[in-house]
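Student: Got a structure for you, query-v9.csv, holding CSV, C-alpha atoms.
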```
chain,number,residue,atom,x,y,z
A,1,MET,CA,0.0,0.0,0.0
A,2,ASN,CA,1.8,3.1,-1.2
A,3,CYS,CA,1.3,6.1,1.1
A,4,ALA,CA,1.8,9.7,0.1
A,5,ILE,CA,1.8,12.2,2.9
A,6,VAL,CA,1.4,15.8,1.6
A,7,VAL,CA,3.5,18.4,3.3
A,8,PHE,CA,2.2,22.0,3.2
A,9,PRO,CA,4.1,24.9,4.6
A,10,GLY,CA,3.1,24.7,8.2
A,11,SER,CA,2.2,21.0,8.4
A,12,ASN,CA,3.6,19.6,11.6
A,13,CYS,CA,2.2,16.0,11.8
A,14,ASP,CA,3.6,14.8,8.5
A,15,ARG,CA,6.5,12.9,10.2
A,16,ASP,CA,4.3,11.4,12.8
A,17,MET,CA,2.2,10.0,10.0
A,18,ALA,CA,5.3,8.8,8.1
A,19,TRP,CA,6.5,7.1,11.3
A,20,VAL,CA,3.2,5.1,11.4
A,21,THR,CA,3.0,4.2,7.7
A,22,GLU,CA,6.7,3.6,7.1
A,23,HIS,CA,8.1,2.2,10.4
A,24,ILE,CA,5.1,0.7,12.1
A,25,LEU,CA,3.1,-0.5,9.1
A,26,GLN,CA,6.2,-1.1,7.0
A,27,GLN,CA,4.6,0.4,3.9
A,28,PRO,CA,6.3,2.4,1.1
A,29,THR,CA,5.9,6.1,2.1
A,30,ARG,CA,6.6,9.3,0.3
A,31,LEU,CA,6.5,12.8,1.7
A,32,VAL,CA,5.1,14.9,-1.1
A,33,TRP,CA,5.8,18.7,-1.1
A,34,HIS,CA,2.7,20.7,-1.7
A,35,GLY,CA,4.3,22.2,-4.9
A,36,GLU,CA,4.3,18.8,-6.6
A,37,THR,CA,1.6,17.8,-8.9
A,38,ASP,CA,2.1,14.1,-9.2
A,39,LEU,CA,1.2,11.7,-6.4
A,40,GLY,CA,2.8,8.8,-8.3
A,41,GLU,CA,1.3,5.4,-7.6
A,42,ALA,CA,-0.2,6.3,-4.2
A,43,ASP,CA,-3.0,4.2,-2.8
A,44,LEU,CA,-3.5,6.3,0.3
A,45,VAL,CA,-3.0,10.1,0.3
A,46,ILE,CA,-2.8,11.7,3.8
A,47,LEU,CA,-3.3,15.4,4.5
A,48,PRO,CA,-1.6,15.7,7.9
A,49,GLY,CA,-2.3,18.0,10.8
A,50,GLY,CA,-0.6,21.3,11.4
A,51,PHE,CA,-1.2,25.0,10.6
A,52,SER,CA,-0.9,25.1,6.8
A,53,TYR,CA,-0.3,28.7,5.6
A,54,GLY,CA,-0.5,29.8,9.2
A,55,ASP,CA,-4.2,29.3,9.2
A,56,TYR,CA,-4.4,32.7,7.5
A,57,LEU,CA,-7.9,33.8,6.4
A,58,ARG,CA,-9.5,30.4,7.4
A,59,CYS,CA,-8.0,27.1,8.5
A,60,GLY,CA,-7.2,25.1,5.4
A,61,VAL,CA,-8.4,27.5,2.8
A,62,LEU,CA,-5.0,28.5,1.3
A,63,ALA,CA,-3.8,24.9,1.2
A,64,ARG,CA,-6.7,24.2,-1.1
A,65,PHE,CA,-4.9,26.3,-3.8
A,66,SER,CA,-1.6,24.4,-3.5
A,67,PRO,CA,-0.5,22.8,-6.8
A,68,VAL,CA,-0.8,19.3,-5.3
A,69,MET,CA,-4.5,19.6,-4.5
A,70,GLY,CA,-5.5,19.0,-8.1
A,71,ALA,CA,-3.9,15.6,-7.9
A,72,VAL,CA,-5.5,15.0,-4.4
A,73,VAL,CA,-9.0,15.8,-5.8
A,74,ARG,CA,-8.4,13.5,-8.8
A,75,HIS,CA,-7.2,10.8,-6.4
A,76,ALA,CA,-10.4,11.1,-4.4
A,77,GLN,CA,-12.6,11.2,-7.5
A,78,ALA,CA,-11.0,8.0,-8.7
A,79,GLY,CA,-12.3,6.4,-5.5
A,80,LYS,CA,-8.9,6.0,-3.9
A,81,TRP,CA,-8.3,6.7,-0.2
A,82,VAL,CA,-7.7,10.2,1.2
A,83,LEU,CA,-7.3,10.7,4.9
A,84,GLY,CA,-7.3,14.2,6.4
A,85,VAL,CA,-6.5,14.6,10.1
A,86,CYS,CA,-7.0,17.8,12.0
A,87,ASN,CA,-5.8,20.5,9.6
A,88,GLY,CA,-6.1,17.9,6.9
A,89,PHE,CA,-9.8,17.6,7.7
A,90,GLN,CA,-10.1,21.4,7.5
A,91,ILE,CA,-8.5,21.3,4.1
A,92,LEU,CA,-10.8,18.6,2.9
A,93,THR,CA,-13.9,20.7,3.8
A,94,GLU,CA,-12.4,23.8,2.2
A,95,ALA,CA,-11.6,21.8,-0.9
A,96,GLY,CA,-15.2,20.6,-1.1
A,97,LEU,CA,-14.2,16.9,-0.7
A,98,LEU,CA,-16.2,16.7,2.5
A,99,PRO,CA,-19.3,18.8,3.4
A,100,GLY,CA,-19.6,21.3,6.3
A,101,THR,CA,-16.8,23.2,8.0
A,102,LEU,CA,-14.8,23.4,11.2
A,103,MET,CA,-15.2,26.5,13.3
A,104,ARG,CA,-13.7,28.0,16.5
A,105,ASN,CA,-14.1,25.6,19.5
A,106,ARG,CA,-17.2,26.4,21.5
A,107,ASP,CA,-15.1,27.5,24.5
A,108,LEU,CA,-12.7,29.5,22.3
A,109,ARG,CA,-9.7,27.7,23.6
A,110,PHE,CA,-7.1,25.5,21.9
A,111,ILE,CA,-7.6,22.0,23.3
A,112,CYS,CA,-4.8,19.5,23.7
A,113,ASP,CA,-6.2,16.4,25.3
A,114,GLN,CA,-7.1,12.8,25.1
A,115,VAL,CA,-10.8,12.2,24.4
A,116,ALA,CA,-13.2,9.3,24.0
A,117,VAL,CA,-14.2,8.7,20.4
A,118,ARG,CA,-16.9,6.2,19.4
A,119,VAL,CA,-16.8,4.3,16.2
A,120,GLU,CA,-20.1,4.7,14.4
A,121,GLU,CA,-19.6,2.7,11.2
A,122,ARG,CA,-17.5,-0.3,10.6
A,123,ASP,CA,-18.2,-1.3,7.0
A,124,LEU,CA,-15.4,1.1,6.0
A,125,PRO,CA,-11.7,0.4,5.4
A,126,TRP,CA,-11.0,3.0,8.1
A,127,THR,CA,-12.9,1.2,10.8
A,128,CYS,CA,-13.1,-2.4,9.8
A,129,GLN,CA,-10.7,-3.4,12.6
A,130,TYR,CA,-12.8,-1.9,15.2
A,131,ASP,CA,-16.1,-3.0,16.7
A,132,VAL,CA,-19.3,-1.0,16.2
A,133,HIS,CA,-19.6,1.5,19.0
A,134,GLN,CA,-16.1,0.7,20.2
A,135,VAL,CA,-14.8,3.6,22.2
A,136,LEU,CA,-11.3,4.7,21.5
A,137,THR,CA,-9.0,7.1,23.4
A,138,LEU,CA,-7.4,9.4,20.9
A,139,PRO,CA,-5.5,12.7,21.2
A,140,ILE,CA,-7.0,15.9,19.9
A,141,ALA,CA,-5.1,19.2,19.5
A,142,HIS,CA,-7.0,22.0,17.8
A,143,GLY,CA,-8.5,25.4,18.2
A,144,GLU,CA,-10.9,25.1,15.3
A,145,GLY,CA,-12.5,21.7,15.5
A,146,CYS,CA,-16.1,22.5,16.0
A,147,TYR,CA,-17.8,20.8,13.1
A,148,TYR,CA,-20.8,22.6,11.7
A,149,ALA,CA,-23.1,21.8,8.8
A,150,GLU,CA,-26.6,23.0,7.9
A,151,PRO,CA,-29.4,20.7,9.2
A,152,ALA,CA,-30.1,19.4,5.7
A,153,VAL,CA,-26.5,18.4,5.2
A,154,LEU,CA,-26.5,16.8,8.7
A,155,ARG,CA,-29.5,14.7,7.7
A,156,GLU,CA,-27.7,13.6,4.5
A,157,LEU,CA,-24.7,12.6,6.6
A,158,GLU,CA,-26.8,10.6,9.0
A,159,GLN,CA,-28.8,8.9,6.2
A,160,GLY,CA,-25.7,8.2,4.2
A,161,ARG,CA,-24.0,6.7,7.3
A,162,GLN,CA,-21.2,9.2,6.8
A,163,ILE,CA,-20.6,10.0,10.4
A,164,VAL,CA,-17.7,7.7,11.2
A,165,PHE,CA,-16.6,8.9,14.6
A,166,ARG,CA,-18.4,10.8,17.4
A,167,TYR,CA,-17.1,12.2,20.6
A,168,HIS,CA,-18.3,10.0,23.4
A,169,GLY,CA,-19.4,11.3,26.8
A,170,VAL,CA,-17.9,14.7,26.5
A,171,ASN,CA,-18.1,16.9,23.4
A,172,PRO,CA,-14.9,18.9,23.7
A,173,ASN,CA,-15.4,21.5,21.1
A,174,GLY,CA,-19.1,21.9,20.5
A,175,SER,CA,-19.3,20.0,17.2
A,176,VAL,CA,-22.8,19.5,16.0
A,177,ALA,CA,-24.1,15.9,16.6
A,178,ASP,CA,-20.8,15.2,18.5
A,179,ILE,CA,-19.1,14.7,15.1
A,180,ALA,CA,-15.4,13.9,15.3
A,181,GLY,CA,-15.0,12.4,11.8
A,182,ILE,CA,-17.0,12.1,8.6
A,183,CYS,CA,-16.5,10.4,5.2
A,184,ASN,CA,-17.9,11.1,1.8
A,185,PRO,CA,-20.8,9.0,0.5
A,186,GLN,CA,-18.5,6.5,-1.2
A,187,GLY,CA,-16.4,6.2,2.0
A,188,ASN,CA,-13.0,6.7,0.4
A,189,VAL,CA,-12.4,10.2,1.8
A,190,LEU,CA,-12.2,10.5,5.6
A,191,GLY,CA,-11.7,13.6,7.7
A,192,MET,CA,-11.3,13.5,11.4
A,193,MET,CA,-10.1,15.9,14.1
A,194,PRO,CA,-8.6,13.3,16.5
A,195,HIS,CA,-5.1,12.1,15.7
A,196,PRO,CA,-4.9,8.4,15.1
A,197,GLU,CA,-1.2,8.7,14.2
A,198,ARG,CA,-0.4,10.0,17.7
A,199,ALA,CA,-2.0,6.9,19.2
A,200,SER,CA,-0.3,4.2,17.1
A,201,ASP,CA,2.9,3.5,18.9
A,202,ALA,CA,2.9,1.8,22.3
A,203,ASP,CA,6.0,3.7,23.4
A,204,LEU,CA,4.0,7.0,23.0
A,205,GLY,CA,1.2,6.2,25.3
A,206,GLY,CA,-1.6,4.5,23.3
A,207,THR,CA,-2.4,2.4,20.3
A,208,ASP,CA,-6.1,2.9,19.8
A,209,GLY,CA,-5.4,4.8,16.5
A,210,LEU,CA,-3.4,2.0,15.0
A,211,GLY,CA,-6.5,0.0,14.1
A,212,LEU,CA,-7.4,2.6,11.5
A,213,PHE,CA,-4.1,2.1,9.7
A,214,GLN,CA,-4.1,-1.7,10.2
A,215,GLY,CA,-7.7,-1.8,8.9
A,216,LEU,CA,-6.6,0.0,5.7
A,217,LEU,CA,-3.8,-2.5,5.2
A,218,ALA,CA,-6.1,-5.5,5.7
A,219,TRP,CA,-8.7,-4.0,3.4
A,220,TYR,CA,-6.1,-3.2,0.8
A,221,ALA,CA,-4.8,-6.8,0.9
A,222,GLU,CA,-8.3,-8.1,0.2
A,223,ASN,CA,-10.0,-5.4,-1.9
A,224,ALA,CA,-7.3,-3.0,-3.1
A,225,CYS,CA,-8.6,0.5,-2.8
A,226,ARG,CA,-12.3,-0.3,-3.3
A,227,THR,CA,-14.5,1.0,-0.6
A,228,ARG,CA,-18.2,0.9,0.0
A,229,SER,CA,-20.4,-0.6,-2.8
A,230,LEU,CA,-23.3,1.8,-2.9
B,1,MET,CA,-21.7,48.9,-4.3
B,2,GLY,CA,-22.0,51.9,-6.6
B,3,LEU,CA,-19.1,54.0,-7.7
B,4,GLY,CA,-20.7,57.2,-6.6
B,5,GLY,CA,-18.5,57.5,-3.6
B,6,PHE,CA,-15.4,58.2,-5.6
B,7,ILE,CA,-13.9,61.7,-5.1
B,8,PRO,CA,-10.9,62.4,-7.3
B,9,GLY,CA,-8.6,63.8,-4.7
B,10,ASP,CA,-9.4,64.1,-1.0
B,11,PRO,CA,-9.4,67.4,0.9
B,12,ALA,CA,-5.8,66.9,2.1
B,13,GLY,CA,-4.7,66.6,-1.5
B,14,ARG,CA,-3.3,63.1,-1.1
B,15,ALA,CA,-4.5,62.2,-4.6
B,16,ASN,CA,-2.1,64.7,-6.0
B,17,GLY,CA,0.8,63.4,-4.1
B,18,GLU,CA,0.7,66.2,-1.5
B,19,LEU,CA,0.1,66.0,2.1
B,20,GLY,CA,-0.7,69.5,3.4
B,21,PHE,CA,-1.5,70.5,7.0
B,22,PRO,CA,-1.1,73.6,9.0
B,23,PRO,CA,1.3,73.2,11.9
B,24,ALA,CA,-0.2,73.9,15.3
B,25,GLY,CA,-0.2,77.5,16.4
B,26,THR,CA,0.8,78.9,13.0
B,27,MET,CA,-1.1,80.5,10.3
B,28,GLY,CA,1.2,79.1,7.7
B,29,ARG,CA,0.9,76.0,5.6
B,30,ILE,CA,3.6,73.5,5.0
B,31,THR,CA,3.3,71.3,2.0
B,32,LEU,CA,5.2,68.1,1.7
B,33,ARG,CA,5.8,66.6,-1.6
B,34,LEU,CA,5.7,62.8,-1.4
B,35,PRO,CA,7.1,60.6,-4.1
B,36,MET,CA,4.4,59.3,-6.4
B,37,PRO,CA,4.2,55.5,-6.7
B,38,PRO,CA,5.6,54.2,-10.0
B,39,ALA,CA,3.1,54.1,-12.8
B,40,SER,CA,1.2,50.8,-13.0
B,41,PRO,CA,2.4,48.7,-16.0
B,42,THR,CA,-1.2,47.9,-16.8
B,43,PRO,CA,-3.4,50.4,-18.6
B,44,TYR,CA,-6.4,49.3,-16.6
B,45,PRO,CA,-7.7,51.6,-13.9
B,46,LEU,CA,-7.4,50.7,-10.2
B,47,TYR,CA,-10.4,49.8,-8.0
B,48,ARG,CA,-10.6,49.5,-4.3
B,49,ALA,CA,-12.9,47.0,-2.6
B,50,GLU,CA,-13.9,47.0,1.0
B,51,ILE,CA,-15.3,43.6,2.0
B,52,TYR,CA,-17.3,42.9,5.1
B,53,ILE,CA,-17.6,39.2,6.1
B,54,THR,CA,-20.0,38.2,8.8
B,55,LEU,CA,-21.3,34.9,10.2
B,56,LYS,CA,-24.7,33.9,8.9
B,57,PRO,CA,-27.4,34.7,11.5
B,58,SER,CA,-28.0,31.0,12.0
B,59,VAL,CA,-24.4,30.4,13.0
B,60,LEU,CA,-23.5,30.7,16.7
B,61,ASP,CA,-20.6,33.2,17.4
B,62,PRO,CA,-19.1,32.1,20.7
B,63,ALA,CA,-16.5,34.9,20.6
B,64,GLY,CA,-19.3,37.5,20.0
B,65,THR,CA,-21.3,36.0,22.9
B,66,ALA,CA,-18.3,36.3,25.2
B,67,ILE,CA,-17.8,39.9,24.3
B,68,THR,CA,-21.5,40.7,24.7
B,69,LYS,CA,-21.2,39.4,28.3
B,70,GLY,CA,-18.0,41.3,28.9
B,71,LEU,CA,-19.6,44.6,27.7
B,72,GLN,CA,-22.7,44.0,29.8
B,73,GLN,CA,-20.5,43.4,32.9
B,74,GLN,CA,-18.8,46.8,32.1
B,75,GLN,CA,-22.1,48.5,32.7
B,76,TYR,CA,-23.0,48.5,29.1
B,77,GLU,CA,-26.2,46.7,30.0
B,78,GLY,CA,-27.9,47.9,26.8
B,79,VAL,CA,-25.7,45.8,24.6
B,80,GLN,CA,-27.9,43.2,23.0
B,81,GLN,CA,-25.7,41.3,20.7
B,82,VAL,CA,-22.1,41.3,19.3
B,83,ARG,CA,-21.2,39.5,16.1
B,84,ILE,CA,-17.6,39.4,15.0
B,85,GLY,CA,-16.7,39.4,11.4
B,86,LYS,CA,-13.8,40.2,9.1
B,87,TYR,CA,-12.9,43.2,7.1
B,88,ILE,CA,-10.8,43.0,4.0
B,89,GLU,CA,-9.5,45.8,1.8
B,90,LEU,CA,-8.1,45.0,-1.6
B,91,THR,CA,-7.2,46.8,-4.7
B,92,LEU,CA,-7.3,45.4,-8.2
B,93,THR,CA,-7.0,46.6,-11.8
B,94,ALA,CA,-9.8,45.8,-14.2
B,95,PRO,CA,-10.9,47.1,-17.6
B,96,ASP,CA,-14.2,48.5,-16.2
B,97,PRO,CA,-16.2,48.7,-13.0
B,98,ALA,CA,-18.5,45.8,-14.0
B,99,THR,CA,-15.5,43.5,-14.5
B,100,ALA,CA,-14.0,44.6,-11.2
B,101,HIS,CA,-17.3,44.0,-9.4
B,102,ALA,CA,-17.7,40.5,-10.9
B,103,GLN,CA,-14.1,39.6,-9.9
B,104,VAL,CA,-14.6,40.7,-6.3
B,105,GLU,CA,-17.8,38.8,-6.2
B,106,ARG,CA,-16.1,35.7,-7.4
B,107,MET,CA,-13.2,36.1,-5.0
B,108,CYS,CA,-15.7,36.4,-2.2
B,109,GLN,CA,-17.6,33.3,-3.2
B,110,GLU,CA,-14.6,31.1,-4.0
B,111,VAL,CA,-11.9,32.2,-1.6
B,112,LEU,CA,-12.6,34.9,0.9
B,113,THR,CA,-15.7,33.5,2.5
B,114,ASN,CA,-16.9,30.1,3.5
B,115,PRO,CA,-20.4,30.0,2.2
B,116,VAL,CA,-21.3,27.3,4.7
B,117,ILE,CA,-21.1,29.8,7.6
B,118,GLU,CA,-20.4,33.3,6.2
B,119,THR,CA,-22.1,36.0,4.2
B,120,TYR,CA,-20.4,39.1,2.7
B,121,ARG,CA,-21.1,42.5,1.3
B,122,PHE,CA,-18.6,44.9,-0.3
B,123,THR,CA,-18.2,48.3,-1.7
B,124,LEU,CA,-16.2,49.1,-4.8
B,125,GLU,CA,-14.8,52.4,-5.8
B,126,ALA,CA,-12.3,53.7,-8.3
B,127,GLY,CA,-9.0,54.0,-6.4
B,128,GLN,CA,-5.6,55.6,-6.8
```
Write out the structure in this file as structure tokens.

Tutor:
Amino acid sequence: MNCAIVVFPGSNCDRDMAWVTEHILQQPTRLVWHGETDLGEADLVILPGGFSYGDYLRCGVLARFSPVMGAVVRHAQAGKWVLGVCNGFQILTEAGLLPGTLMRNRDLRFICDQVAVRVEERDLPWTCQYDVHQVLTLPIAHGEGCYYAEPAVLRELEQGRQIVFRYHGVNPNGSVADIAGICNPQGNVLGMMPHPERASDADLGGTDGLGLFQGLLAWYAENACRTRSL
Amino acid sequence: MGLGGFIPGDPAGRANGELGFPPAGTMGRITLRLPMPPASPTPYPLYRAEIYITLKPSVLDPAGTAITKGLQQQQYEGVQQVRIGKYIELTLTAPDPATAHAQVERMCQEVLTNPVIETYRFTLEAGQ
């Protein structure tokens, strides 16, 4: 499973991701500078966390205009996997690959914490290694993670079973419907605020996020990049 | 969004490259000659847009709510609501006002605002 991790100016979780894909999963991994326009033979494209373009104007909006994003959009439209974590999730919404947006946290503070996140759907490559309603402990670190979408869009997300992760017990940032992560209708594009890559190495205090990457690998071995049959 | 607000040269004469003001306590008038910016390479005229971006009424504004409470605690009990937005000034060249207007409109829709949560309005006038 070829992994391409896009590096924007201001990304700061790119190497954490590479540690997981290259060293823990032992998969071919390439860091792709945002100025490149070719993702090569990537199966999985990851938009990592950070503060791309200093979060100027709005989080993720300027990254959307990076040269690499054309290739990311084509990759997604081809049905291949795109994972956006934290700032990567913000970029995916700004790029229109996922609906809704991420706003200032309800309490206006940057939150750096471990939170309980419940798995809502498990027929996806992202979650196939988890049980339905399994509760994971994952780190979050964001100031703008309050997910918002119009009621009509929320209904579509619910009906399309696109809400993949919800905060469990405590909603840290005021996200509507406790949303922590959503996918597109086909399921090949996932955006989430919690950081699975920071919970994938036992030496770093937790491995609840590793299942996401292992799930991809297992799914890839069986189905290549194909996701939900809708 | 009309162009009616454009005044060619403000009272201080800045449009002519001069900044004049009477020094305090004198009857005289000192005129400073400021260097003019280099001529624009494009033959198109310059326009100046002032863009106001606000959250849609349906979207909660926690920062605005916090400021409302702060003001009310400072004895400004009459304050009903505070909504925080963004203000952007930009200049652009365009062949005519209609084109400039259309370009600013597109910039607002595609880049400067997030239509999920924000609305905008702008004024456009011929600039220098």

Student: At most 8 Å from (-3.4, -3.7, 1.9), file frame, all atoms listed in the file: which residues, as a ChimeraX atom specification?

Tutor: /A:1,216-224

Student: Select residues of chain A: the criterion is any atom within 7 Å of an atom of chain B, counting all atoms listed in the file; output as a ChimeraX atom specification.

Tutor: /A:100-101,106,108

Student: Could you name the residues that touch A:Asn171 at 10 Å or less, counting only C-alpha atoms, but leaving out those on the same chain fewer than 5 positions away, as a VMD selection string?

Tutor: chain A and resid 106 115 to 117 146 166 176 to 180

Student: Between A:Gly88, A:Gly191, A:Gly206, A:Gly40, which has the minimum distance to A:Ser52 (counting all atoms listed in the file)?

Tutor: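 Once distances to A:Ser52 are computed over all atoms listed in the file, the minimum belongs to A:Gly88.
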
Student: Can you work out the spacing between atom CA of A:Gly169 and atom CA of A:Arg118 in Å, to one decimal?

Tutor: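 So the answer is 9.3 Å.
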
Student: Which residues are close to A:Gly209, i.e. within 6 Å by all atoms listed in the file, leaving aside same-chain residues fewer than 3 positions away? Reply as a VMD selection string.

Tutor: chain A and resid 196 199 to 200 212

Student: Take the point (-5.4, 28.0, 5.8) in the file's coordinates, draw a sphere of radius 12 Å around it, and report as a PyMOL selection string every protein, DNA or RNA residue with an atom inside or on it, counting all atoms listed in the file.

Tutor: (chain A and resi 8-11+49-66+87-95+102+144) or (chain B and resi 111-112+114)

Student: If we count all atoms listed in the file, what is near B:Ala94 at a cut-off of 9 Å, once residues fewer than 3 positions away on the same chain are taken out, given as a ChimeraX atom specification?

Tutor: /B:44-47,97-100,103

Student: Could those residues be written to a file, using C-alpha atoms, as a tab-separated table (two decimals), in the coordinates of the input?

Tutor:
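Once everything was written out, this is result39.tsv:
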```tsv
chain	number	residue	atom	x	y	z
B	44	TYR	CA	-6.40	49.30	-16.60
B	45	PRO	CA	-7.70	51.60	-13.90
B	46	LEU	CA	-7.40	50.70	-10.20
B	47	TYR	CA	-10.40	49.80	-8.00
B	97	PRO	CA	-16.20	48.70	-13.00
B	98	ALA	CA	-18.50	45.80	-14.00
B	99	THR	CA	-15.50	43.50	-14.50
B	100	ALA	CA	-14.00	44.60	-11.20
B	103	GLN	CA	-14.10	39.60	-9.90
```

Student: To one decimal place in Å, what is the distance between atom CA of A:Gly35 and atom CA of A:Val68?

Tutor: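 Result for atom CA of A:Gly35 versus atom CA of A:Val68: 5.9 Å, one decimal.
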
Student: Fewer than 4 positions away in the same chain doesn't count, so skip those; otherwise give me all residues within 10 Å of A:Arg198, counting only C-alpha atoms, as number ranges by chain.

Tutor: A: 13, 16-17, 19-20, 138-140, 194, 202, 204-210

Student: What would the file look like if the residues just selected were written as a compact mmCIF listing (two decimals), in the frame of the given file with C-alpha atoms?

Tutor:
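Output contents, as saved in part.txt:
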```txt
# COMPACT_ATOMS: atom_id res chain seq x y z
CA CYS A 13 2.20 16.00 11.80
CA ASP A 16 4.30 11.40 12.80
CA MET A 17 2.20 10.00 10.00
CA TRP A 19 6.50 7.10 11.30
CA VAL A 20 3.20 5.10 11.40
CA LEU A 138 -7.40 9.40 20.90
CA PRO A 139 -5.50 12.70 21.20
CA ILE A 140 -7.00 15.90 19.90
CA PRO A 194 -8.60 13.30 16.50
CA ALA A 202 2.90 1.80 22.30
CA LEU A 204 4.00 7.00 23.00
CA GLY A 205 1.20 6.20 25.30
CA GLY A 206 -1.60 4.50 23.30
CA THR A 207 -2.40 2.40 20.30
CA ASP A 208 -6.10 2.90 19.80
CA GLY A 209 -5.40 4.80 16.50
CA LEU A 210 -3.40 2.00 15.00
```

Student: To one decimal in Å, tell me the separation between atom CA of A:Gln134 and atom CA of A:Glu120.

Tutor: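 Interatomic distance, atom CA of A:Gln134 to atom CA of A:Glu120: 8.1 Å.
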
Student: Rank B:Ile53, B:Ile84, B:Met107, B:Gly78 by their smallest atom-to-atom distance to B:Thr65, using all atoms listed in the file, and report the top residue only.

Tutor: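 Going through B:Ile53, B:Ile84, B:Met107, B:Gly78 one by one, the smallest distance to B:Thr65 is for B:Ile84.
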
Student: Can you tell me which residues surround A:Met192 at a distance of at most 7 Å, considering all atoms listed in the file, apart from same-chain residues fewer than 3 positions away, and format the answer as a PyMOL selection string?

Tutor: chain A and resi 84-86+89+180-182

Student: Ranking B:Glu118, B:Cys108, B:Gln75, B:Gly64 by minimum distance to B:Leu90 and counting only C-alpha atoms, which one comes first?

Tutor: B:Cys108
